[in-house]
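Asker: Quick one: the structure is below, and I'll ask about it shortly.
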Amino acid sequence: MSHGSADAQGHFRLGAPFFLLAGPCVLEDDRLNLTIAEALARLADDLGLPIVFKASFDKANRSSASSPRGPGMEEGLRKLARIRTEVGLPLVTDVHEPAQCAAVGEVVDVLQIPAFLCRQTDLLVAAGATGRAVNVKKGQWMGPNEMRGAADKVRGAGASGVALTERGTFFGYGNLVVDMRTFVQMREACSAPAIFDGTHSVQRPGEGAGISGGEPRFIPHLVRAAVAAGADALFLETHPEPATAPSDSTNMLPLERLRPLVEEALAVRAALGLG
């Protein structure tokens, strides 16, 4: 069962064809993780779409000190490894500190740099030095052309591939907007795939009670627009019951709505001759 293109070492390669990074915001119990992973694997097979399972072992930037952060690196990597063994999907997870990168790179295909950390040179270099692919989230204050420095740091350190992800830009307080020119500009400036994060882009930072708010009803609208504007891939956090999730409960896509949305995105690409 194949779920995407691979490099010479058999790890997922960031780049053509169109692909999807998807999963829950943070790793939960094995049953929930595997339920989502199995649904993603079926979707990958049914649509012939490369899909990478995404979940974080630690959410180090929660709004409140009392918010759940996840199982931690050691337990989280065990959970991720089980997904690979039992389901066969490639894996992506966040790293927050340079010291985490080597161990994480032994388990996952893609290391992800959170948006707030996209200019942290030591972290970017450590992630690239693993030899794995690296996905860097664009900071909410950064212009697309400014991400060239992050891409160069990761690439220069030895990453096997680089991608940049648009997740909205701050527009005043508590509001994010997506400039649809970003996908063309960032791809050209950084010589790397430009991914659209359709779920974090609908966050309302600081508007919840100790958590970020969100407007998930706009996810389909933004995804369709981003695909039409030339996004090379999608990033979508998804959960069977978002309201019960320990993190990003206000902006994740219900799992049952993932397939219809992905099918719409692929239909847009086909209509534009991008398939």
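Following the order of the structure tokens, chains are lettered A, B, ..., residues in each are numbered from 1, and ligands are numbered from 1.
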As a PyMOL selection string, list the residues of stretch 77-253 of chain A assigned to alpha helix (DSSP H) by DSSP on the backbone atoms of this structure.

Answerer: chain A and resi 77-87+101-105+121-129+148-157+182-190+219-229

Asker: Could I get the residues of stretch 57-158 of chain A with an atom no further than 12 Å from an atom of stretch 11-19 of chain A, each paired with its nearest atom pair and that distance in Å to one decimal, using only C-alpha atoms, sorted by chain and residue number, as a Markdown table?

Answerer:
```
| residue | atom | partner | partner_atom | distance |
| --- | --- | --- | --- | --- |
| A:Arg84 | CA | A:His11 | CA | 11.5 |
| A:Gly88 | CA | A:His11 | CA | 11.6 |
| A:Leu89 | CA | A:Phe12 | CA | 9.4 |
| A:Pro90 | CA | A:Phe12 | CA | 6.2 |
| A:Leu91 | CA | A:Phe12 | CA | 8.2 |
| A:Val92 | CA | A:Phe12 | CA | 9.5 |
| A:Gly105 | CA | A:His11 | CA | 10.5 |
| A:Glu106 | CA | A:His11 | CA | 10.8 |
| A:Val107 | CA | A:His11 | CA | 10.1 |
| A:Val108 | CA | A:His11 | CA | 8.2 |
| A:Asp109 | CA | A:His11 | CA | 5.2 |
| A:Val110 | CA | A:Phe12 | CA | 7.3 |
| A:Leu111 | CA | A:Phe12 | CA | 11.1 |
| A:Gln112 | CA | A:Leu14 | CA | 11.8 |
| A:Gly131 | CA | A:His11 | CA | 10.3 |
| A:Arg132 | CA | A:His11 | CA | 7.8 |
| A:Ala133 | CA | A:Leu14 | CA | 6.7 |
| A:Val134 | CA | A:Leu14 | CA | 8.3 |
| A:Asn135 | CA | A:Leu14 | CA | 8.3 |
| A:Val136 | CA | A:Leu14 | CA | 11.7 |
```

Asker: For the residues in that selection, give me N, CA, C and O atoms as a tab-separated table (two decimals), in the first residue's frame.

Answerer:
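Wrote it out as out-v9.tsv, contents follow:
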```tsv
chain	number	residue	atom	x	y	z
A	84	ARG	N	2.84	4.30	12.09
A	84	ARG	CA	3.57	3.86	10.91
A	84	ARG	C	3.51	2.35	10.76
A	84	ARG	O	3.27	1.81	9.68
A	88	GLY	N	0.83	2.37	8.14
A	88	GLY	CA	1.71	2.55	6.99
A	88	GLY	C	1.81	3.97	6.46
A	88	GLY	O	2.44	4.18	5.42
A	89	LEU	N	1.20	4.93	7.14
A	89	LEU	CA	1.29	6.31	6.67
A	89	LEU	C	2.63	6.93	7.04
A	89	LEU	O	3.18	6.65	8.12
A	90	PRO	N	3.18	7.80	6.18
A	90	PRO	CA	4.31	8.62	6.60
A	90	PRO	C	3.86	9.60	7.68
A	90	PRO	O	2.66	9.81	7.87
A	91	LEU	N	4.82	10.20	8.38
A	91	LEU	CA	4.54	10.98	9.58
A	91	LEU	C	5.18	12.36	9.54
A	91	LEU	O	6.28	12.54	9.02
A	92	VAL	N	4.47	13.33	10.15
A	92	VAL	CA	5.03	14.66	10.38
A	92	VAL	C	4.65	15.10	11.79
A	92	VAL	O	3.52	14.85	12.24
A	105	GLY	N	13.76	12.88	14.19
A	105	GLY	CA	14.11	12.50	12.83
A	105	GLY	C	14.30	11.01	12.64
A	105	GLY	O	14.23	10.51	11.51
A	106	GLU	N	14.53	10.28	13.72
A	106	GLU	CA	14.66	8.82	13.63
A	106	GLU	C	13.31	8.15	13.41
A	106	GLU	O	13.25	7.00	12.99
A	107	VAL	N	12.21	8.87	13.69
A	107	VAL	CA	10.87	8.27	13.65
A	107	VAL	C	10.02	8.81	12.52
A	107	VAL	O	9.29	8.06	11.87
A	108	VAL	N	10.08	10.12	12.27
A	108	VAL	CA	9.16	10.73	11.32
A	108	VAL	C	9.83	11.02	9.98
A	108	VAL	O	11.05	11.00	9.86
A	109	ASP	N	9.00	11.27	8.99
A	109	ASP	CA	9.47	11.61	7.64
A	109	ASP	C	9.72	13.10	7.48
A	109	ASP	O	10.59	13.51	6.70
A	110	VAL	N	8.90	13.90	8.16
A	110	VAL	CA	8.96	15.36	8.01
A	110	VAL	C	8.96	16.00	9.39
A	110	VAL	O	8.09	15.70	10.22
A	111	LEU	N	9.94	16.87	9.67
A	111	LEU	CA	9.94	17.67	10.88
A	111	LEU	C	9.27	19.00	10.56
A	111	LEU	O	9.52	19.60	9.51
A	112	GLN	N	8.43	19.47	11.46
A	112	GLN	CA	7.68	20.70	11.22
A	112	GLN	C	8.10	21.78	12.23
A	112	GLN	O	8.18	21.52	13.42
A	131	GLY	N	18.58	15.43	7.99
A	131	GLY	CA	18.47	14.86	6.65
A	131	GLY	C	17.05	14.58	6.24
A	131	GLY	O	16.80	14.17	5.09
A	132	ARG	N	16.10	14.78	7.12
A	132	ARG	CA	14.70	14.59	6.79
A	132	ARG	C	14.16	15.84	6.09
A	132	ARG	O	14.79	16.91	6.09
A	133	ALA	N	12.98	15.72	5.52
A	133	ALA	CA	12.30	16.89	4.96
A	133	ALA	C	11.81	17.77	6.11
A	133	ALA	O	11.54	17.27	7.22
A	134	VAL	N	11.69	19.06	5.86
A	134	VAL	CA	11.26	20.01	6.89
A	134	VAL	C	10.17	20.90	6.31
A	134	VAL	O	10.33	21.47	5.22
A	135	ASN	N	9.09	21.03	7.06
A	135	ASN	CA	8.00	21.95	6.72
A	135	ASN	C	8.03	23.10	7.71
A	135	ASN	O	7.91	22.89	8.91
A	136	VAL	N	8.21	24.31	7.20
A	136	VAL	CA	8.28	25.50	8.06
A	136	VAL	C	6.98	26.28	7.93
A	136	VAL	O	6.62	26.71	6.83
```

Asker: Can you tell me which residues surround A:Arg148 at a distance of at most 12 Å, considering only C-alpha atoms, apart from same-chain residues fewer than 4 positions away, and format the answer as a list in words?

Answerer: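 Using only C-alpha atoms, the neighbours found are Cys118, Arg119, Val136, Lys138, Met142, Gly143, Pro144, Asp152, Lys153, Val154, Arg155, Gly156, Val162, Ala163, Leu164, Gln185, Met186, Arg187, Glu188, Ala189, Cys190, Ser191, Ala192 and Ala194 of chain A.
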
Asker: Nearest residue to A:Ala99 out of A:Met180, A:Leu77, A:Leu117, A:Ala127, using only C-alpha atoms?

Answerer: A:Ala127

Asker: I'd like the neighbourhood of A:Pro98 as number ranges by chain, where a residue qualifies if any of its atoms comes within 10 Å (using only C-alpha atoms), though same-chain residues fewer than 2 positions away should be ignored.

Answerer: A: 95-96, 100-102, 120-127

Asker: For A:Arg82, find every residue with an atom within 10 Å (counting only C-alpha atoms), except residues of its own chain fewer than 4 positions away, and show them as JSON, numbers by chain.

Answerer: {"A": [30, 33, 34, 76, 77, 78, 86, 87, 88]}

Asker: Store the residues of this selection in a file with C-alpha atoms, as a short mmCIF file (atom, residue, chain, number, x, y, z; two decimals), in the first residue's frame.

Answerer:
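For reference, result_18.cif as written:
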```
data_model
loop_
_atom_site.label_atom_id
_atom_site.label_comp_id
_atom_site.auth_asym_id
_atom_site.auth_seq_id
_atom_site.Cartn_x
_atom_site.Cartn_y
_atom_site.Cartn_z
CA ASP A 30 -3.73 5.09 20.57
CA ASN A 33 -4.86 8.20 16.78
CA LEU A 34 -5.30 4.94 14.86
CA GLY A 76 4.64 10.69 21.54
CA LEU A 77 7.28 9.11 19.34
CA ARG A 78 6.10 5.66 20.48
CA GLU A 86 0.02 -0.54 11.90
CA VAL A 87 -1.27 1.83 9.22
CA GLY A 88 1.71 2.55 6.99
#
```

Asker: Residues of stretch 134-186 of chain A that have any atom at most 9 Å from an atom of stretch 230-237 of chain A: could you tabulate them with the shortest-distance atom pair and the distance in Å to one decimal, using only C-alpha atoms, ordered by chain and increasing number, as a Markdown table?

Answerer:
```
| residue | atom | partner | partner_atom | distance |
| --- | --- | --- | --- | --- |
| A:Thr165 | CA | A:Phe235 | CA | 8.1 |
| A:Met180 | CA | A:Gly230 | CA | 8.5 |
| A:Arg181 | CA | A:Gly230 | CA | 8.8 |
| A:Thr182 | CA | A:Ala231 | CA | 8.9 |
| A:Phe183 | CA | A:Ala231 | CA | 5.5 |
| A:Val184 | CA | A:Gly230 | CA | 6.7 |
```

Asker: Once you have the residues from the selection above, write them out as a PDB file, in the first residue's frame, restricted to all heavy atoms.

Answerer:
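Saved result, again.pdb, follows:
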```pdb
ATOM      1  N   THR A 165       4.553  26.683   4.776  1.00  0.00           N
ATOM      2  CA  THR A 165       3.104  26.615   4.953  1.00  0.00           C
ATOM      3  C   THR A 165       2.522  27.959   5.357  1.00  0.00           C
ATOM      4  O   THR A 165       2.954  28.563   6.350  1.00  0.00           O
ATOM      5  CB  THR A 165       2.732  25.558   6.017  1.00  0.00           C
ATOM      6  OG1 THR A 165       3.115  24.271   5.526  1.00  0.00           O
ATOM      7  CG2 THR A 165       1.237  25.547   6.286  1.00  0.00           C
ATOM      8  N   MET A 180      -4.064  35.465  -0.966  1.00  0.00           N
ATOM      9  CA  MET A 180      -3.966  34.367  -1.927  1.00  0.00           C
ATOM     10  C   MET A 180      -2.785  34.512  -2.897  1.00  0.00           C
ATOM     11  O   MET A 180      -2.440  33.559  -3.592  1.00  0.00           O
ATOM     12  CB  MET A 180      -5.282  34.245  -2.698  1.00  0.00           C
ATOM     13  CG  MET A 180      -6.437  33.792  -1.826  1.00  0.00           C
ATOM     14  SD  MET A 180      -6.168  32.122  -1.157  1.00  0.00           S
ATOM     15  CE  MET A 180      -7.379  32.101   0.187  1.00  0.00           C
ATOM     16  N   ARG A 181      -2.139  35.673  -2.911  1.00  0.00           N
ATOM     17  CA  ARG A 181      -0.928  35.815  -3.720  1.00  0.00           C
ATOM     18  C   ARG A 181       0.239  35.065  -3.099  1.00  0.00           C
ATOM     19  O   ARG A 181       1.242  34.790  -3.777  1.00  0.00           O
ATOM     20  CB  ARG A 181      -0.564  37.294  -3.857  1.00  0.00           C
ATOM     21  CG  ARG A 181      -1.614  38.134  -4.574  1.00  0.00           C
ATOM     22  CD  ARG A 181      -1.278  39.611  -4.485  1.00  0.00           C
ATOM     23  NE  ARG A 181      -1.287  40.092  -3.105  1.00  0.00           N
ATOM     24  CZ  ARG A 181      -1.020  41.356  -2.743  1.00  0.00           C
ATOM     25  NH1 ARG A 181      -0.693  42.243  -3.665  1.00  0.00           N
ATOM     26  NH2 ARG A 181      -1.056  41.714  -1.481  1.00  0.00           N
ATOM     27  N   THR A 182       0.118  34.744  -1.807  1.00  0.00           N
ATOM     28  CA  THR A 182       1.226  34.151  -1.054  1.00  0.00           C
ATOM     29  C   THR A 182       1.760  32.881  -1.695  1.00  0.00           C
ATOM     30  O   THR A 182       2.977  32.649  -1.710  1.00  0.00           O
ATOM     31  CB  THR A 182       0.775  33.843   0.386  1.00  0.00           C
ATOM     32  OG1 THR A 182       0.559  35.078   1.073  1.00  0.00           O
ATOM     33  CG2 THR A 182       1.815  33.033   1.148  1.00  0.00           C
ATOM     34  N   PHE A 183       0.880  32.042  -2.231  1.00  0.00           N
ATOM     35  CA  PHE A 183       1.318  30.732  -2.722  1.00  0.00           C
ATOM     36  C   PHE A 183       2.288  30.872  -3.895  1.00  0.00           C
ATOM     37  O   PHE A 183       3.309  30.191  -3.956  1.00  0.00           O
ATOM     38  CB  PHE A 183       0.107  29.883  -3.075  1.00  0.00           C
ATOM     39  CG  PHE A 183      -0.849  29.764  -1.923  1.00  0.00           C
ATOM     40  CD1 PHE A 183      -2.053  30.448  -1.917  1.00  0.00           C
ATOM     41  CD2 PHE A 183      -0.502  29.026  -0.805  1.00  0.00           C
ATOM     42  CE1 PHE A 183      -2.907  30.379  -0.832  1.00  0.00           C
ATOM     43  CE2 PHE A 183      -1.340  28.953   0.283  1.00  0.00           C
ATOM     44  CZ  PHE A 183      -2.547  29.630   0.272  1.00  0.00           C
ATOM     45  N   VAL A 184       1.986  31.782  -4.801  1.00  0.00           N
ATOM     46  CA  VAL A 184       2.889  32.027  -5.931  1.00  0.00           C
ATOM     47  C   VAL A 184       4.159  32.718  -5.448  1.00  0.00           C
ATOM     48  O   VAL A 184       5.278  32.319  -5.797  1.00  0.00           O
ATOM     49  CB  VAL A 184       2.199  32.872  -7.011  1.00  0.00           C
ATOM     50  CG1 VAL A 184       3.187  33.251  -8.107  1.00  0.00           C
ATOM     51  CG2 VAL A 184       1.019  32.115  -7.602  1.00  0.00           C
TER      52      VAL A 184
END
```

Asker: Out of A:Leu222, A:Glu74, A:Thr85, A:Leu32, which residue has the shortest atom-to-atom distance to A:Glu264 when counting only C-alpha atoms?

Answerer: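 Checking each of A:Leu222, A:Glu74, A:Thr85, A:Leu32 against A:Glu264, counting only C-alpha atoms, the winner is A:Leu222.
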